[in-house]
Structures are given as C-alpha cells and as structure tokens.
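See below for coords05.cif, which holds mmCIF, N, CA and C atoms.
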```cif
data_input
loop_
_atom_site.label_atom_id
_atom_site.label_comp_id
_atom_site.auth_asym_id
_atom_site.auth_seq_id
_atom_site.Cartn_x
_atom_site.Cartn_y
_atom_site.Cartn_z
N MET A 1 -7.76 -6.24 -8.28
CA MET A 1 -7.95 -4.91 -8.83
C MET A 1 -8.60 -4.00 -7.78
N LEU A 2 -8.48 -2.74 -8.03
CA LEU A 2 -9.08 -1.78 -7.11
C LEU A 2 -10.59 -1.82 -7.24
N GLY A 3 -11.26 -1.92 -6.11
CA GLY A 3 -12.71 -1.92 -6.12
C GLY A 3 -13.24 -0.52 -5.88
N SER A 4 -14.54 -0.43 -5.62
CA SER A 4 -15.13 0.88 -5.38
C SER A 4 -14.71 1.44 -4.02
N ASN A 5 -14.29 0.56 -3.09
CA ASN A 5 -13.81 0.99 -1.77
C ASN A 5 -12.44 0.38 -1.51
N PRO A 6 -11.39 0.92 -2.15
CA PRO A 6 -10.06 0.33 -1.99
C PRO A 6 -9.55 0.41 -0.55
N ASN A 7 -8.82 -0.59 -0.15
CA ASN A 7 -8.21 -0.64 1.17
C ASN A 7 -7.08 0.39 1.24
N PRO A 8 -7.15 1.34 2.20
CA PRO A 8 -6.11 2.38 2.28
C PRO A 8 -4.70 1.82 2.44
N SER A 9 -4.54 0.74 3.21
CA SER A 9 -3.20 0.18 3.38
C SER A 9 -2.69 -0.44 2.08
N HIS A 10 -3.61 -0.95 1.26
CA HIS A 10 -3.19 -1.48 -0.04
C HIS A 10 -2.72 -0.35 -0.95
N LEU A 11 -3.41 0.79 -0.89
CA LEU A 11 -2.99 1.93 -1.71
C LEU A 11 -1.60 2.42 -1.30
N VAL A 12 -1.31 2.41 0.01
CA VAL A 12 0.02 2.80 0.48
C VAL A 12 1.05 1.81 -0.03
N GLU A 13 0.72 0.51 0.02
CA GLU A 13 1.64 -0.51 -0.49
C GLU A 13 1.86 -0.32 -1.99
N LEU A 14 0.80 -0.07 -2.73
CA LEU A 14 0.92 0.14 -4.18
C LEU A 14 1.78 1.36 -4.48
N ALA A 15 1.57 2.43 -3.74
CA ALA A 15 2.34 3.66 -3.94
C ALA A 15 3.83 3.46 -3.69
N ASN A 16 4.17 2.53 -2.80
CA ASN A 16 5.56 2.33 -2.40
C ASN A 16 6.19 1.07 -2.99
N TYR A 17 5.50 0.45 -3.94
CA TYR A 17 6.01 -0.77 -4.57
C TYR A 17 7.00 -0.38 -5.66
N LYS A 18 8.17 -0.99 -5.62
CA LYS A 18 9.22 -0.67 -6.60
C LYS A 18 9.36 -1.78 -7.63
N MET A 19 9.68 -1.36 -8.83
CA MET A 19 9.90 -2.30 -9.93
C MET A 19 11.19 -3.07 -9.66
N PRO A 20 11.13 -4.41 -9.65
CA PRO A 20 12.31 -5.20 -9.29
C PRO A 20 13.26 -5.52 -10.44
N PHE A 21 12.90 -5.17 -11.67
CA PHE A 21 13.77 -5.52 -12.81
C PHE A 21 13.56 -4.55 -13.97
N GLY A 22 14.41 -4.69 -14.97
CA GLY A 22 14.22 -3.98 -16.23
C GLY A 22 14.66 -2.53 -16.23
N LYS A 23 14.21 -1.85 -17.25
CA LYS A 23 14.57 -0.46 -17.50
C LYS A 23 14.28 0.45 -16.31
N TYR A 24 13.22 0.16 -15.58
CA TYR A 24 12.80 1.00 -14.47
C TYR A 24 13.03 0.33 -13.11
N GLU A 25 14.03 -0.55 -13.04
CA GLU A 25 14.35 -1.22 -11.78
C GLU A 25 14.62 -0.19 -10.68
N GLY A 26 13.97 -0.37 -9.53
CA GLY A 26 14.14 0.52 -8.40
C GLY A 26 13.21 1.72 -8.39
N TYR A 27 12.47 1.94 -9.46
CA TYR A 27 11.51 3.05 -9.52
C TYR A 27 10.20 2.62 -8.84
N TYR A 28 9.54 3.58 -8.19
CA TYR A 28 8.19 3.33 -7.71
C TYR A 28 7.29 3.13 -8.93
N LEU A 29 6.37 2.17 -8.84
CA LEU A 29 5.47 1.94 -9.97
C LEU A 29 4.74 3.22 -10.35
N ALA A 30 4.40 4.04 -9.35
CA ALA A 30 3.68 5.29 -9.62
C ALA A 30 4.49 6.27 -10.45
N ASN A 31 5.81 6.10 -10.47
CA ASN A 31 6.67 7.04 -11.21
C ASN A 31 7.13 6.50 -12.56
N ILE A 32 6.65 5.34 -12.93
CA ILE A 32 7.00 4.76 -14.23
C ILE A 32 6.00 5.27 -15.27
N PRO A 33 6.46 5.64 -16.47
CA PRO A 33 5.55 6.19 -17.49
C PRO A 33 4.45 5.20 -17.90
N GLU A 34 3.33 5.76 -18.27
CA GLU A 34 2.17 4.95 -18.66
C GLU A 34 2.48 3.99 -19.81
N TYR A 35 3.29 4.43 -20.77
CA TYR A 35 3.56 3.59 -21.94
C TYR A 35 4.14 2.23 -21.55
N TYR A 36 4.90 2.20 -20.45
CA TYR A 36 5.51 0.95 -19.98
C TYR A 36 4.42 -0.05 -19.57
N PHE A 37 3.39 0.45 -18.89
CA PHE A 37 2.29 -0.41 -18.47
C PHE A 37 1.42 -0.82 -19.65
N VAL A 38 1.28 0.08 -20.62
CA VAL A 38 0.51 -0.25 -21.83
C VAL A 38 1.20 -1.40 -22.56
N TRP A 39 2.53 -1.35 -22.65
CA TRP A 39 3.28 -2.42 -23.31
C TRP A 39 3.06 -3.74 -22.58
N PHE A 40 3.15 -3.73 -21.26
CA PHE A 40 2.92 -4.96 -20.48
C PHE A 40 1.48 -5.44 -20.63
N LYS A 41 0.54 -4.51 -20.70
CA LYS A 41 -0.87 -4.90 -20.88
C LYS A 41 -1.02 -5.68 -22.19
N GLN A 42 -0.32 -5.25 -23.23
CA GLN A 42 -0.40 -5.92 -24.52
C GLN A 42 0.33 -7.27 -24.51
N LYS A 43 1.47 -7.33 -23.82
CA LYS A 43 2.29 -8.54 -23.82
C LYS A 43 1.92 -9.51 -22.70
N GLY A 44 1.32 -8.97 -21.65
CA GLY A 44 0.95 -9.79 -20.49
C GLY A 44 1.76 -9.38 -19.27
N PHE A 45 1.05 -9.08 -18.20
CA PHE A 45 1.72 -8.71 -16.96
C PHE A 45 2.38 -9.95 -16.36
N PRO A 46 3.43 -9.77 -15.56
CA PRO A 46 4.07 -10.91 -14.90
C PRO A 46 3.08 -11.62 -13.97
N GLU A 47 3.40 -12.84 -13.61
CA GLU A 47 2.59 -13.60 -12.67
C GLU A 47 2.76 -13.03 -11.27
N GLY A 48 1.81 -13.31 -10.41
CA GLY A 48 1.93 -13.01 -8.99
C GLY A 48 1.65 -11.57 -8.61
N LYS A 49 2.18 -11.21 -7.44
CA LYS A 49 1.91 -9.90 -6.85
C LYS A 49 2.36 -8.76 -7.75
N LEU A 50 3.56 -8.86 -8.33
CA LEU A 50 4.04 -7.79 -9.20
C LEU A 50 3.06 -7.55 -10.34
N GLY A 51 2.61 -8.60 -10.96
CA GLY A 51 1.67 -8.47 -12.07
C GLY A 51 0.36 -7.81 -11.65
N ARG A 52 -0.13 -8.19 -10.47
CA ARG A 52 -1.37 -7.58 -9.97
C ARG A 52 -1.16 -6.09 -9.70
N MET A 53 -0.02 -5.76 -9.09
CA MET A 53 0.27 -4.35 -8.80
C MET A 53 0.41 -3.55 -10.09
N MET A 54 1.08 -4.12 -11.08
CA MET A 54 1.26 -3.43 -12.35
C MET A 54 -0.08 -3.24 -13.07
N ALA A 55 -0.96 -4.24 -13.00
CA ALA A 55 -2.27 -4.13 -13.62
C ALA A 55 -3.09 -3.03 -12.94
N GLU A 56 -3.00 -2.95 -11.63
CA GLU A 56 -3.71 -1.89 -10.91
C GLU A 56 -3.15 -0.52 -11.28
N MET A 57 -1.83 -0.42 -11.37
CA MET A 57 -1.22 0.86 -11.73
C MET A 57 -1.60 1.24 -13.16
N TYR A 58 -1.67 0.27 -14.04
CA TYR A 58 -2.12 0.52 -15.41
C TYR A 58 -3.50 1.18 -15.41
N GLU A 59 -4.42 0.61 -14.62
CA GLU A 59 -5.77 1.15 -14.55
C GLU A 59 -5.78 2.57 -13.98
N LEU A 60 -4.99 2.80 -12.95
CA LEU A 60 -4.91 4.14 -12.36
C LEU A 60 -4.37 5.15 -13.37
N LYS A 61 -3.30 4.78 -14.06
CA LYS A 61 -2.69 5.69 -15.03
C LYS A 61 -3.63 5.93 -16.21
N LEU A 62 -4.27 4.88 -16.66
CA LEU A 62 -5.20 4.98 -17.78
C LEU A 62 -6.32 5.98 -17.47
N ASN A 63 -6.72 6.03 -16.21
CA ASN A 63 -7.80 6.91 -15.79
C ASN A 63 -7.32 8.22 -15.17
N GLY A 64 -6.00 8.48 -15.27
CA GLY A 64 -5.45 9.74 -14.78
C GLY A 64 -5.45 9.88 -13.27
N LEU A 65 -5.41 8.76 -12.54
CA LEU A 65 -5.52 8.80 -11.09
C LEU A 65 -4.21 8.51 -10.36
N GLU A 66 -3.11 8.33 -11.08
CA GLU A 66 -1.86 7.98 -10.41
C GLU A 66 -1.37 9.07 -9.46
N GLY A 67 -1.79 10.31 -9.69
CA GLY A 67 -1.40 11.41 -8.82
C GLY A 67 -1.89 11.22 -7.39
N LEU A 68 -2.97 10.47 -7.22
CA LEU A 68 -3.48 10.20 -5.88
C LEU A 68 -2.47 9.43 -5.03
N LEU A 69 -1.62 8.64 -5.69
CA LEU A 69 -0.64 7.82 -4.96
C LEU A 69 0.61 8.61 -4.59
N GLN A 70 0.87 9.70 -5.29
CA GLN A 70 2.11 10.45 -5.06
C GLN A 70 2.27 10.88 -3.60
N LYS A 71 1.18 11.31 -2.98
CA LYS A 71 1.28 11.77 -1.60
C LYS A 71 1.42 10.61 -0.61
N LEU A 72 1.23 9.38 -1.09
CA LEU A 72 1.36 8.20 -0.22
C LEU A 72 2.77 7.60 -0.25
N ILE A 73 3.61 8.08 -1.17
CA ILE A 73 4.98 7.56 -1.27
C ILE A 73 5.75 8.03 -0.05
N LYS A 74 6.37 7.08 0.62
CA LYS A 74 7.16 7.39 1.82
C LYS A 74 8.51 7.91 1.40
N LYS A 75 8.85 9.09 1.85
CA LYS A 75 10.13 9.72 1.48
C LYS A 75 11.25 9.22 2.36
#
```

Kindly transcribe the structure held in the file into structure tokens.
Amino acid sequence: MLGSNPNPSHLVELANYKMPFGKYEGYYLANIPEYYFVWFKQKGFPEGKLGRMMAEMYELKLNGLEGLLQKLIKK
C-alpha cells in the first residue's frame, strides 16, 4: 500500500498499469471508475501484483487522489 512517502517510480508504474482482463481490459487503472474497485474490494482483489495495484488504486480513488496519477500516464 502507499505509505506516507510513496516511491515516485512506483506511482509512475501504478499510473501506467493496465487492466489485463474483464470489462475494462486495456484501460489504465487510473481511468477505471471507482465503482469497479469498490466491487473488487467487496469480493476480494486478485492475488499478486494486480491485486496490490488495484487495492492501492481503490484507496486513491476513495480519497479523491486519482487525479494525481493522470499527469504521470505516459502518452
């Protein structure tokens, strides 16, 4: 999870991480609606790196901070 001093390179990776399956396959996690993460929070995030990234994005969205990642997305 994101700590009080998050690693900048991790934030860049999180901003550019794409969903590998499902309704939002190919979307950046930062661009997926909050409700999708809320549903996963209730059902359980996937195992491994994807699950950790989704849990972090859930926390960012829950706290209205996902906009911070938008400028880190590589065009």

(message) List as a ChimeraX atom specification the protein and nucleic acid residues near segment 37-49 of chain A, meaning an atom at most 10 Å away when only C-alpha atoms are counted, but skip any in the same chain fewer than 6 places from it.
(response) /A:29,55-59,61-62

Where's the centre, and what are the edge lengths in Å to one decimal, of a box along x, y and z enclosing all listed atoms of segment 38-43 of chain A padded 8 Å per side, as lines of an AutoDock Vina configuration file?
```
center_x = 1.1
center_y = -4.7
center_z = -22.5
size_x = 20.3
size_y = 25.6
size_z = 20.0
```

(request) Would you list the contacts of segment 7-15 of chain A as number ranges by chain, taking every protein, DNA or RNA residue within 6.5 Å and counting all atoms listed in the file, but skipping same-chain residues closer than 4 positions in sequence? (result) A: 28-30, 53, 69-70, 72-74

With N, CA and C atoms retained, could you export that selection as an mmCIF file, in the frame of the given file?
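Below is the file that was written, out25.cif:
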```cif
data_model
loop_
_atom_site.group_PDB
_atom_site.id
_atom_site.type_symbol
_atom_site.label_atom_id
_atom_site.label_comp_id
_atom_site.auth_asym_id
_atom_site.auth_seq_id
_atom_site.Cartn_x
_atom_site.Cartn_y
_atom_site.Cartn_z
ATOM 1 N N TYR A 28 9.540 3.580 -8.190
ATOM 2 C CA TYR A 28 8.190 3.330 -7.710
ATOM 3 C C TYR A 28 7.290 3.130 -8.930
ATOM 4 N N LEU A 29 6.370 2.170 -8.840
ATOM 5 C CA LEU A 29 5.470 1.940 -9.970
ATOM 6 C C LEU A 29 4.740 3.220 -10.350
ATOM 7 N N ALA A 30 4.400 4.040 -9.350
ATOM 8 C CA ALA A 30 3.680 5.290 -9.620
ATOM 9 C C ALA A 30 4.490 6.270 -10.450
ATOM 10 N N MET A 53 -0.020 -5.760 -9.090
ATOM 11 C CA MET A 53 0.270 -4.350 -8.800
ATOM 12 C C MET A 53 0.410 -3.550 -10.090
ATOM 13 N N LEU A 69 -1.620 8.640 -5.690
ATOM 14 C CA LEU A 69 -0.640 7.820 -4.960
ATOM 15 C C LEU A 69 0.610 8.610 -4.590
ATOM 16 N N GLN A 70 0.870 9.700 -5.290
ATOM 17 C CA GLN A 70 2.110 10.450 -5.060
ATOM 18 C C GLN A 70 2.270 10.880 -3.600
ATOM 19 N N LEU A 72 1.230 9.380 -1.090
ATOM 20 C CA LEU A 72 1.360 8.200 -0.220
ATOM 21 C C LEU A 72 2.770 7.600 -0.250
ATOM 22 N N ILE A 73 3.610 8.080 -1.170
ATOM 23 C CA ILE A 73 4.980 7.560 -1.270
ATOM 24 C C ILE A 73 5.750 8.030 -0.050
ATOM 25 N N LYS A 74 6.370 7.080 0.620
ATOM 26 C CA LYS A 74 7.160 7.390 1.820
ATOM 27 C C LYS A 74 8.510 7.910 1.400
#
```

(message) To one decimal place in Å, what is the distance between atom CA of Tyr17 of chain A and atom CA of Asn63 of chain A?
(response)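 Computing the Euclidean distance for atom CA of Tyr17 of chain A and atom CA of Asn63 of chain A yields 19.4 Å.
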
(message) What's the separation between atom N of Leu68 of chain A and atom CA of Pro20 of chain A, in Å to one decimal place?
(response) 22.0 Å

(request) Would you work out the distance separating atom CA of Ile32 of chain A from atom CA of Lys18 of chain A, expressed in Å to one decimal? (result)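 Calculated distance between atom CA of Ile32 of chain A and atom CA of Lys18 of chain A is 9.6 Å.
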
(request) Apply DSSP to the structure's backbone, then extract all residues of segment 2-73 of chain A labelled helix (DSSP H, G or I) and return them as a PyMOL selection string. (result) chain A and resi 8-15+29-31+34-43+48-62+67-70
